[in-house]
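**Student:** File follows, target.csv with CSV, C-alpha atoms:
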chain,number,residue,atom,x,y,z
A,38,MET,CA,72.9,-12.3,-25.3
A,39,LYS,CA,71.7,-12.6,-21.7
A,40,ILE,CA,72.3,-8.9,-21.1
A,41,LYS,CA,70.3,-8.1,-24.3
A,42,GLY,CA,67.4,-10.2,-23.0
A,43,MET,CA,67.5,-8.5,-19.6
A,44,PHE,CA,67.4,-5.0,-21.3
A,45,ARG,CA,64.4,-6.1,-23.4
A,46,SER,CA,62.4,-7.3,-20.4
A,47,ALA,CA,63.3,-4.2,-18.4
A,48,ARG,CA,62.1,-2.1,-21.3
A,49,THR,CA,58.9,-4.1,-21.5
A,50,ILE,CA,58.3,-3.5,-17.8
A,51,ILE,CA,59.0,0.2,-18.0
A,52,ILE,CA,56.6,0.5,-21.0
A,53,LEU,CA,54.0,-1.5,-19.1
A,54,VAL,CA,54.4,0.7,-16.0
A,55,ILE,CA,54.2,4.0,-18.0
A,56,THR,CA,51.1,2.7,-19.9
A,57,LEU,CA,49.5,1.7,-16.6
A,58,VAL,CA,50.3,5.1,-15.0
A,59,LEU,CA,48.8,6.9,-18.1
A,60,VAL,CA,45.7,4.7,-18.0
A,61,VAL,CA,45.2,5.4,-14.3
A,62,ILE,CA,45.7,9.2,-14.8
A,63,ILE,CA,43.2,9.2,-17.7
A,64,LEU,CA,40.7,7.2,-15.7
A,65,ARG,CA,41.1,9.4,-12.7
A,66,LYS,CA,40.7,12.5,-14.8
A,67,THR,CA,37.5,11.2,-16.2
A,68,ASP,CA,36.3,10.1,-12.7
A,69,LEU,CA,36.0,6.5,-13.8
A,70,ILE,CA,38.0,5.2,-10.9
A,71,PRO,CA,38.1,6.7,-7.4
A,72,SER,CA,41.1,8.3,-5.8
A,73,LEU,CA,42.7,6.6,-2.7
A,74,SER,CA,41.1,9.1,-0.4
A,75,ASP,CA,37.7,8.4,-2.0
A,76,ILE,CA,38.0,4.7,-1.3
A,77,PHE,CA,38.6,5.2,2.4
A,78,SER,CA,36.6,8.3,3.2
A,79,ALA,CA,32.8,8.2,3.9
A,80,ARG,CA,30.6,9.1,1.0
A,81,PRO,CA,28.1,12.0,1.4
A,82,VAL,CA,24.8,10.5,2.6
A,83,ARG,CA,21.9,11.1,0.2
A,84,LEU,CA,18.6,12.0,1.8
A,85,GLU,CA,15.5,11.1,-0.1
A,86,GLU,CA,12.5,13.4,-0.4
A,87,THR,CA,9.6,11.9,1.7
A,88,PRO,CA,6.2,13.3,2.3
A,89,MET,CA,5.1,14.9,5.5
A,90,VAL,CA,1.9,13.6,7.1
A,91,VAL,CA,-0.4,15.7,9.3
A,92,ARG,CA,-1.4,13.5,12.3
A,93,GLU,CA,-3.2,15.9,14.6
A,94,ILE,CA,-4.3,19.5,14.7
A,95,HIS,CA,-4.8,21.2,18.1
A,96,GLU,CA,-6.5,24.5,18.7
A,97,LEU,CA,-4.5,26.6,21.1
A,98,ALA,CA,-4.9,29.9,23.0
A,99,GLN,CA,-1.6,30.4,24.6
A,100,LEU,CA,-0.3,33.8,25.4
A,101,VAL,CA,3.5,33.5,25.1
A,102,THR,CA,5.1,36.2,27.2
A,103,MET,CA,8.8,35.1,27.9
A,104,SER,CA,11.4,32.9,26.4
A,105,ALA,CA,14.7,31.8,27.7
A,106,GLN,CA,17.5,30.9,25.2
A,107,ASP,CA,20.4,28.9,26.5
A,108,GLU,CA,23.2,26.5,25.7
A,109,VAL,CA,24.0,23.6,27.9
A,110,VAL,CA,26.3,20.6,28.0
A,111,ALA,CA,25.2,17.1,29.0
A,112,ASP,CA,27.3,14.0,29.1
A,113,SER,CA,27.3,10.3,29.9
A,114,VAL,CA,30.1,7.9,30.8
A,115,ARG,CA,29.7,4.1,30.4
A,116,ILE,CA,31.9,1.4,32.0
A,117,SER,CA,32.7,-1.2,29.4
A,118,THR,CA,34.8,-4.4,29.4
A,119,LYS,CA,37.9,-2.5,28.2
A,120,ASP,CA,37.6,-0.3,31.3
A,121,ILE,CA,37.4,-3.3,33.6
A,122,ILE,CA,40.5,-4.8,31.9
A,123,ALA,CA,42.3,-1.5,32.1
A,124,HIS,CA,41.5,-1.3,35.8
A,125,MET,CA,42.8,-4.8,36.4
A,126,LEU,CA,46.0,-4.4,34.4
A,127,PRO,CA,48.8,-1.9,35.5
A,128,ILE,CA,47.9,0.5,32.7
A,129,PRO,CA,48.2,4.2,33.7
A,130,ASN,CA,45.0,6.3,33.7
A,131,GLY,CA,44.2,8.0,30.4
A,132,ILE,CA,45.7,5.4,28.1
A,133,ILE,CA,42.3,3.6,27.6
A,134,ASN,CA,39.4,6.1,27.4
A,135,PRO,CA,36.1,5.0,28.8
A,136,ASP,CA,33.0,5.2,26.6
A,137,LYS,CA,31.9,8.8,26.8
A,138,LEU,CA,29.4,11.0,25.0
A,139,VAL,CA,29.4,14.8,25.4
A,140,ILE,CA,26.6,16.8,23.8
A,141,VAL,CA,26.2,20.6,23.5
A,142,GLY,CA,22.6,21.6,23.1
A,143,ARG,CA,21.0,25.0,22.3
A,144,GLY,CA,17.4,25.5,23.2
A,145,ARG,CA,14.5,27.7,24.0
A,146,VAL,CA,12.1,27.5,26.9
A,147,VAL,CA,8.9,29.3,26.2
A,148,ALA,CA,6.6,30.4,29.0
A,149,GLY,CA,3.3,32.1,29.3
A,150,MET,CA,-0.4,31.6,30.0
A,151,ASP,CA,-2.7,29.0,28.7
A,152,LEU,CA,-5.8,31.1,28.1
A,153,LYS,CA,-7.8,28.0,27.0
A,154,ALA,CA,-8.1,27.2,30.7
A,155,MET,CA,-10.1,30.3,31.3
A,156,LYS,CA,-13.9,29.9,31.9
A,157,GLU,CA,-16.8,32.3,31.3
A,158,GLU,CA,-17.0,33.1,35.1
A,159,ASP,CA,-13.3,34.3,35.1
A,160,VAL,CA,-14.3,37.5,33.4
A,161,HIS,CA,-16.5,40.1,35.2
A,162,VAL,CA,-17.5,43.4,33.5
A,163,TYR,CA,-19.1,46.4,35.2
A,164,LYS,CA,-19.4,49.5,33.1
A,165,ASP,CA,-15.8,50.6,32.3
A,166,SER,CA,-14.3,48.2,34.8
A,167,VAL,CA,-13.2,44.6,34.2
A,168,ALA,CA,-12.0,41.9,36.7
A,169,ILE,CA,-10.3,38.9,35.1
A,170,ARG,CA,-8.9,35.7,36.6
A,171,LEU,CA,-5.9,34.5,34.6
A,172,PRO,CA,-4.3,31.1,34.7
A,173,LYS,CA,-0.8,31.0,36.3
A,174,ALA,CA,2.2,31.1,33.9
A,175,SER,CA,3.6,27.8,33.0
A,176,ILE,CA,6.2,26.4,30.5
A,177,LEU,CA,4.4,26.1,27.2
A,178,GLU,CA,7.1,24.6,25.1
A,179,VAL,CA,10.8,23.5,25.1
A,180,VAL,CA,12.4,23.7,21.7
A,181,MET,CA,15.5,21.6,21.1
A,182,ASN,CA,15.8,20.5,17.6
A,183,PRO,CA,18.3,18.2,15.9
A,184,SER,CA,20.0,21.2,14.4
A,185,ASP,CA,20.5,22.6,18.0
A,186,PHE,CA,22.6,19.6,19.1
A,187,ASN,CA,26.3,19.2,18.6
A,188,THR,CA,28.3,16.1,19.5
A,189,PHE,CA,31.4,17.4,21.2
A,190,SER,CA,32.9,14.0,22.0
A,191,GLU,CA,31.8,10.5,21.2
A,192,VAL,CA,34.0,7.7,22.4
A,193,GLY,CA,32.6,4.2,21.9
A,194,ALA,CA,29.5,3.1,20.1
A,195,TRP,CA,26.3,4.8,21.5
A,196,SER,CA,22.9,3.5,20.5
A,197,PRO,CA,20.3,6.0,19.3
A,198,GLU,CA,18.3,5.4,22.5
A,199,ALA,CA,21.4,6.1,24.7
A,200,VAL,CA,22.0,9.4,22.8
A,201,THR,CA,18.3,10.3,23.2
A,202,LEU,CA,18.7,9.9,27.0
A,203,VAL,CA,21.7,12.3,27.0
A,204,LYS,CA,19.7,14.8,25.0
A,205,LEU,CA,16.8,14.6,27.4
A,206,LYS,CA,19.3,15.2,30.2
A,207,ALA,CA,20.4,18.4,28.3
A,208,ARG,CA,16.7,19.5,28.0
A,209,ASP,CA,16.2,19.0,31.8
A,210,ILE,CA,19.3,21.1,32.5
A,211,LEU,CA,18.0,23.8,30.1
A,212,VAL,CA,14.6,23.9,31.8
A,213,LYS,CA,16.1,23.9,35.3
A,214,ARG,CA,18.4,26.9,34.4
A,215,ALA,CA,15.5,28.8,33.0
A,216,LEU,CA,13.3,28.2,36.1
A,217,ASP,CA,16.3,29.1,38.4
A,218,ARG,CA,16.4,32.5,36.6
A,219,GLY,CA,12.8,33.1,37.5
A,220,LEU,CA,11.3,32.5,34.0
A,221,LEU,CA,7.8,31.7,35.3
A,222,GLN,CA,7.6,34.8,37.6
A,223,LYS,CA,8.8,37.0,34.8
A,224,ALA,CA,6.3,35.4,32.4
A,225,GLN,CA,3.5,35.9,34.8
A,226,ALA,CA,4.3,39.6,35.5
A,227,ARG,CA,4.6,40.3,31.8
A,228,GLY,CA,1.4,38.4,31.0
A,229,GLU,CA,-0.4,40.6,33.5
A,230,LEU,CA,1.1,43.8,32.0
A,231,LEU,CA,0.1,42.7,28.4
A,232,MET,CA,-3.4,41.8,29.4
A,233,LYS,CA,-3.8,45.2,31.2
A,234,ASN,CA,-2.6,47.0,28.2
A,235,PHE,CA,-4.9,45.1,25.9
A,236,LEU,CA,-7.9,45.7,28.1
A,237,ASN,CA,-7.1,49.4,28.4
A,238,THR,CA,-6.8,49.6,24.6
A,239,ALA,CA,-10.1,47.7,24.4
A,240,GLY,CA,-11.8,50.6,26.3
A,241,PHE,CA,-11.7,49.6,30.0
A,242,LYS,CA,-10.5,52.2,32.4
A,243,LYS,CA,-10.1,50.0,35.5
A,244,VAL,CA,-8.6,46.6,35.1
A,245,SER,CA,-8.2,44.1,38.0
A,246,ILE,CA,-6.3,40.9,37.4
A,247,GLN,CA,-6.3,37.9,39.8
A,248,TYR,CA,-5.0,34.3,39.6
B,81,MET,CA,67.4,8.5,24.1
B,82,ARG,CA,66.2,4.9,24.3
B,83,VAL,CA,65.1,5.6,27.9
B,84,HIS,CA,63.3,8.8,27.1
B,85,LEU,CA,61.2,7.4,24.2
B,86,PRO,CA,58.6,5.5,26.2
B,87,ALA,CA,58.2,8.5,28.5
B,88,PHE,CA,57.6,10.8,25.5
B,89,LEU,CA,55.1,8.4,24.1
B,90,LEU,CA,53.3,8.2,27.4
B,91,LEU,CA,53.3,12.0,27.7
B,92,TYR,CA,51.9,12.3,24.2
B,93,LEU,CA,49.1,9.8,24.9
B,94,LEU,CA,48.2,11.6,28.1
B,95,SER,CA,48.2,15.0,26.4
B,96,CYS,CA,45.8,13.6,23.8
B,97,ASN,CA,43.4,12.7,26.5
B,98,SER,CA,43.4,15.9,28.4
B,99,ALA,CA,40.0,17.2,29.5
B,100,LYS,CA,38.5,19.5,26.8
B,101,GLU,CA,37.3,22.8,28.0
B,102,ARG,CA,33.5,23.1,28.1
B,103,THR,CA,31.9,26.4,27.4
B,104,GLU,CA,28.3,27.4,28.2
B,105,LYS,CA,26.7,30.5,27.0
B,106,VAL,CA,24.8,32.7,29.5
B,107,LEU,CA,21.0,32.3,29.5
B,108,ALA,CA,19.2,35.0,27.7
B,109,LEU,CA,15.7,36.0,28.6
B,110,ARG,CA,13.5,37.6,26.0
B,111,GLU,CA,10.2,39.4,26.4
B,112,MET,CA,7.5,38.1,24.0
B,113,ASN,CA,3.9,38.9,23.1
B,114,GLU,CA,2.6,36.2,20.9
B,115,LEU,CA,-0.7,34.3,20.8
B,116,ALA,CA,-0.2,30.7,19.7
B,117,THR,CA,-3.5,29.5,18.2
B,118,VAL,CA,-2.7,26.2,16.5
B,119,GLU,CA,-0.4,23.2,16.8
B,120,TYR,CA,0.1,20.7,14.0
B,121,SER,CA,1.6,17.4,14.7
B,122,VAL,CA,3.3,15.9,11.7
B,123,THR,CA,5.3,12.8,11.0
B,124,LYS,CA,8.0,12.2,8.5
B,125,ILE,CA,10.2,9.3,7.4
B,126,ILE,CA,13.9,10.1,6.9
B,127,ARG,CA,15.4,7.8,4.3
B,128,ALA,CA,19.2,8.1,3.6
B,129,ASN,CA,21.9,6.0,2.0
B,130,ASP,CA,25.4,6.4,0.6
B,131,ASP,CA,25.8,3.2,-1.3
B,132,GLN,CA,25.8,4.8,-4.7
B,133,THR,CA,29.4,3.9,-5.8
B,134,TRP,CA,30.7,0.6,-7.2
B,135,TYR,CA,33.9,0.6,-5.2
B,136,LYS,CA,32.3,0.6,-1.8
B,137,ILE,CA,31.5,-2.9,-0.7
B,138,GLY,CA,28.3,-3.3,1.3
B,139,ASP,CA,25.3,-1.1,1.9
B,140,ARG,CA,25.0,1.8,4.3
B,141,LYS,CA,21.5,3.0,4.7
B,142,ILE,CA,19.3,4.2,7.5
B,143,LEU,CA,15.6,4.8,8.1
B,144,MET,CA,14.4,7.1,10.8
B,145,SER,CA,11.0,8.3,11.8
B,146,CYS,CA,10.1,11.5,13.5
B,147,ARG,CA,7.2,13.5,14.8
B,148,ALA,CA,7.4,17.2,14.8
B,149,THR,CA,5.1,19.8,16.3
B,150,LEU,CA,4.6,23.1,14.5
B,151,ARG,CA,3.0,26.1,16.2
B,152,ALA,CA,1.6,29.2,14.6
B,153,GLY,CA,-0.2,32.2,15.8
B,154,ILE,CA,-0.1,36.0,15.8
B,155,ASN,CA,2.4,38.5,17.2
B,156,PHE,CA,0.5,40.8,19.5
B,157,SER,CA,3.4,43.2,19.8
B,158,LYS,CA,2.4,44.5,16.3
B,159,LEU,CA,-1.0,45.4,17.8
B,160,ASP,CA,-1.4,49.1,18.8
B,161,ALA,CA,-4.1,51.7,19.5
B,162,SER,CA,-4.7,52.1,15.7
B,163,SER,CA,-5.5,48.4,15.4
B,164,ILE,CA,-8.7,48.8,17.6
B,165,ARG,CA,-11.7,50.9,16.8
B,166,ILE,CA,-14.5,51.2,19.3
B,167,ASP,CA,-18.0,52.5,18.6
B,168,GLY,CA,-20.3,52.0,21.5
B,169,ASP,CA,-20.8,48.3,21.9
B,170,GLU,CA,-19.2,47.6,18.5
B,171,ILE,CA,-15.5,46.9,18.2
B,172,ASP,CA,-13.2,46.4,15.1
B,173,VAL,CA,-9.9,44.7,15.7
B,174,THR,CA,-7.2,44.4,13.0
B,175,LEU,CA,-4.8,41.6,13.8
B,176,PRO,CA,-1.4,41.0,12.2
B,177,ARG,CA,-1.1,38.1,9.8
B,178,ALA,CA,-0.2,34.7,11.3
B,179,THR,CA,3.3,33.5,11.5
B,180,LEU,CA,5.0,30.2,12.2
B,181,GLN,CA,6.2,30.4,15.8
B,182,SER,CA,8.1,27.1,16.2
B,183,VAL,CA,9.1,23.8,14.7
B,184,ASN,CA,9.9,21.3,17.4
B,185,LEU,CA,11.4,17.9,16.9
B,186,ARG,CA,11.7,16.4,20.4
B,187,PRO,CA,14.6,14.0,20.9
B,188,GLU,CA,12.2,11.3,22.2
B,189,ASP,CA,10.1,11.6,19.0
B,190,ILE,CA,13.0,10.6,16.7
B,191,LYS,CA,13.4,6.9,16.2
B,192,VAL,CA,15.9,4.9,14.2
B,193,GLU,CA,13.5,2.3,12.6
B,194,TYR,CA,16.1,0.4,10.6
B,195,GLN,CA,19.7,0.5,9.5
B,196,GLU,CA,21.8,-1.7,7.3
B,197,VAL,CA,25.5,-1.3,7.4
B,198,GLY,CA,27.8,-3.6,5.5
B,199,LEU,CA,30.7,-5.4,7.2
B,200,LEU,CA,33.3,-3.2,5.7
B,201,ARG,CA,31.4,0.1,6.3
B,202,THR,CA,31.3,2.3,9.3
B,203,GLU,CA,28.2,2.5,11.5
B,204,PHE,CA,26.2,5.7,11.7
B,205,ASP,CA,27.3,7.6,14.7
B,206,ALA,CA,25.4,10.2,16.8
B,207,ALA,CA,26.8,13.2,15.0
B,208,GLU,CA,25.9,11.7,11.6
B,209,ARG,CA,22.4,10.8,12.7
B,210,ASP,CA,22.0,14.4,14.0
B,211,ALA,CA,23.3,15.8,10.7
B,212,LEU,CA,20.7,13.7,8.8
B,213,MET,CA,17.9,14.8,11.2
B,214,THR,CA,19.0,18.4,10.7
B,215,ARG,CA,18.4,18.0,7.0
B,216,GLY,CA,15.1,16.3,7.7
B,217,GLU,CA,14.2,19.3,9.9
B,218,ALA,CA,15.0,21.6,7.0
B,219,GLN,CA,12.7,19.5,4.7
B,220,ILE,CA,9.9,19.9,7.3
B,221,ARG,CA,10.4,23.7,7.5
B,222,ALA,CA,10.4,23.9,3.7
B,223,GLY,CA,7.1,22.0,3.6
B,224,VAL,CA,5.3,24.3,6.1
B,225,PRO,CA,3.6,26.6,3.5
B,226,GLU,CA,1.8,23.6,1.9
B,227,LEU,CA,0.2,22.5,5.2
B,228,GLY,CA,-2.1,25.5,5.5
B,229,ILE,CA,-1.2,26.0,9.2
B,230,LEU,CA,-1.2,29.8,8.8
B,231,ASN,CA,-4.8,29.9,7.6
B,232,THR,CA,-5.8,27.7,10.5
B,233,ALA,CA,-3.9,29.9,12.9
B,234,GLU,CA,-5.7,33.0,11.6
B,235,SER,CA,-9.1,31.3,11.9
B,236,ASN,CA,-8.4,30.2,15.4
B,237,ALA,CA,-7.1,33.7,16.4
B,238,SER,CA,-10.2,35.3,14.9
B,239,LEU,CA,-12.4,32.9,16.9
B,240,PHE,CA,-10.5,33.3,20.2
B,241,VAL,CA,-10.2,37.1,20.0
B,242,GLY,CA,-13.9,37.5,18.9
B,243,ASN,CA,-15.2,35.3,21.8
B,244,PHE,CA,-12.9,37.1,24.3
B,245,LEU,CA,-14.2,40.5,23.3
B,246,ARG,CA,-17.8,39.3,23.4
B,247,GLN,CA,-17.2,38.0,26.9
B,248,LEU,CA,-16.0,41.6,27.7
B,249,GLY,CA,-19.4,42.8,26.7
B,250,TYR,CA,-19.1,43.9,23.1
B,251,LYS,CA,-22.2,43.0,21.1
B,252,LYS,CA,-20.7,43.3,17.6
B,253,VAL,CA,-17.1,42.2,17.1
B,254,ASN,CA,-15.3,42.4,13.8
B,255,VAL,CA,-11.9,40.8,13.6
B,256,ASN,CA,-9.8,41.5,10.4
B,257,PHE,CA,-6.3,40.8,9.4
B,258,SER,CA,-3.8,43.5,8.3
B,259,ASP,CA,-2.8,43.5,4.6
B,260,GLY,CA,0.3,41.8,3.5
B,261,PRO,CA,1.1,38.2,2.8
B,262,GLN,CA,1.4,35.5,5.4
B,263,VAL,CA,5.1,35.0,6.1
B,264,PRO,CA,6.3,31.9,7.9
B,265,LYS,CA,8.7,33.2,10.5
B,266,LEU,CA,11.9,31.2,10.7
B,267,LYS,CA,13.1,30.6,14.2
If you took the structure in this file and wrote it as structure tokens, what would it be?
**Tutor:**
Amino acid sequence: MKIKGMFRSARTIIILVITLVLVVIILRKTDLIPSLSDIFSARPVRLEETPMVVREIHELAQLVTMSAQDEVVADSVRISTKDIIAHMLPIPNGIINPDKLVIVGRGRVVAGMDLKAMKEEDVHVYKDSVAIRLPKASILEVVMNPSDFNTFSEVGAWSPEAVTLVKLKARDILVKRALDRGLLQKAQARGELLMKNFLNTAGFKKVSIQY
Amino acid sequence: MRVHLPAFLLLYLLSCNSAKERTEKVLALREMNELATVEYSVTKIIRANDDQTWYKIGDRKILMSCRATLRAGINFSKLDASSIRIDGDEIDVTLPRATLQSVNLRPEDIKVEYQEVGLLRTEFDAAERDALMTRGEAQIRAGVPELGILNTAESNASLFVGNFLRQLGYKKVNVNFSDGPQVPKLK
């Protein structure tokens, strides 16, 4: 009698388990319940469409003559409480990692001449000759967009402001490397050549350029 | 075996922390010949959230603001001898159509205005914020044609080139643009 009752309850449990499994399978197939991985993984972030507002419009007259494309690495290490504790305790180096942020950034440094700085007296024309005083070449723009940055390593919680500082460090490195490679000198030489060619095409036989 | 286990564990942990190799590409210089004639400064709010499911407890949303500068102008390298016609003190110049030269979202012009992350949810990290801003950047690029920046760039280019040629002594200056639609140049 007791054995018969045990069989009956075991059968009920098995039926219940099978029913439950079937219900779960059906609900999963119809996407009514999430999978285990769905519960613990991050959901894709939805970006809303927002309008773009024009704030300012500037008139420019910049002759872009050279650009330097480069990829740089910038990092920052921060000493936190866990590092101090790790330093005080006999824990071997490397077990507790310090807070660290390593960013790889691609960018473009654009150089040329700001022709808006030219005044009327900077151009002298005599018959088929022209003498022109050009502004010196300078960096006109440094382009490093969010799509140009890649977080190589992020240990610890880094605030948006701290991340921005590392990105600005990357931008400074980018500019320095471009300047070290003589970007401005090359931009100026090319600007001179382009202006000479343009003035020759515009009908001037003799062109003199000064700075 | 009991003696070796902690040593293996220690070696494994140390190997996980080994310095990762950093690579840097060589700087590439490129000759250009462009005249930038206009710069638009635009602002945009980036609104994102992922709290659309019933089984995730707590919100996870972020609000960022950004200012982008867009530059447009003309590519002088497309200008050749056939683009200029001189007749005494009269000159006709045919300029190429204006193109978008750059979209620039400076890191300091991107701000996280607000974020709300539930107790059981993970914070937005730098990589995720960058990924969102990258999508925001794509939205800005897609919205460029509606801004009319290319028309302004052509007007300014016409004005600048016209004034410059008058300064060079030409009495009558005609500045035209070559046929063909304005095409926003992507990067």
**Student:** Dump as a short mmCIF file (atom, residue, chain, number, x, y, z; two decimals) with C-alpha atoms, in the frame of the given file the residues of chain A that approach chain B to within 6 Å, counting all atoms listed in the file.
**Tutor:**
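result.cif was written with the following content:
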data_model
loop_
_atom_site.label_atom_id
_atom_site.label_comp_id
_atom_site.auth_asym_id
_atom_site.auth_seq_id
_atom_site.Cartn_x
_atom_site.Cartn_y
_atom_site.Cartn_z
CA ARG A 80 30.60 9.10 1.00
CA VAL A 82 24.80 10.50 2.60
CA ARG A 83 21.90 11.10 0.20
CA LEU A 84 18.60 12.00 1.80
CA GLU A 85 15.50 11.10 -0.10
CA MET A 89 5.10 14.90 5.50
CA VAL A 90 1.90 13.60 7.10
CA VAL A 91 -0.40 15.70 9.30
CA ARG A 92 -1.40 13.50 12.30
CA GLU A 93 -3.20 15.90 14.60
CA ILE A 94 -4.30 19.50 14.70
CA HIS A 95 -4.80 21.20 18.10
CA GLU A 96 -6.50 24.50 18.70
CA LEU A 97 -4.50 26.60 21.10
CA ALA A 98 -4.90 29.90 23.00
CA GLN A 99 -1.60 30.40 24.60
CA LEU A 100 -0.30 33.80 25.40
CA VAL A 101 3.50 33.50 25.10
CA THR A 102 5.10 36.20 27.20
CA MET A 103 8.80 35.10 27.90
CA SER A 104 11.40 32.90 26.40
CA ALA A 105 14.70 31.80 27.70
CA GLN A 106 17.50 30.90 25.20
CA ASP A 107 20.40 28.90 26.50
CA GLU A 108 23.20 26.50 25.70
CA VAL A 109 24.00 23.60 27.90
CA GLY A 131 44.20 8.00 30.40
CA VAL A 180 12.40 23.70 21.70
CA ASN A 182 15.80 20.50 17.60
CA PRO A 183 18.30 18.20 15.90
CA SER A 184 20.00 21.20 14.40
CA THR A 188 28.30 16.10 19.50
CA THR A 201 18.30 10.30 23.20
#
**Student:** Dump as a list in words all residues having an atom at most 8 Å from (19.2, -1.9, 9.1), computed in the file's coordinates with all atoms listed in the file.
**Tutor:**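 The residues near that point, listed by chain and number, are Lys141, Ile142, Leu143, Glu193, Tyr194, Gln195, Glu196 and Val197 of chain B.
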**Student:** Using only C-alpha atoms, determine which residues lie at most 8 Å from range 135-150 of chain A, disregarding the query and same-chain residues fewer than 3 positions distant; provide the list as a PyMOL selection string.
**Tutor:** chain A and resi 99-117+119-120+171-182+185-195+200+203-204+207-208+211-212+215+220-221+224-225+228
**Student:** Measure the distance from CA of Val255 in chain B to CA of Ala226 in chain A in Å and round it to one decimal.
**Tutor:**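 A separation of 27.3 Å between them.
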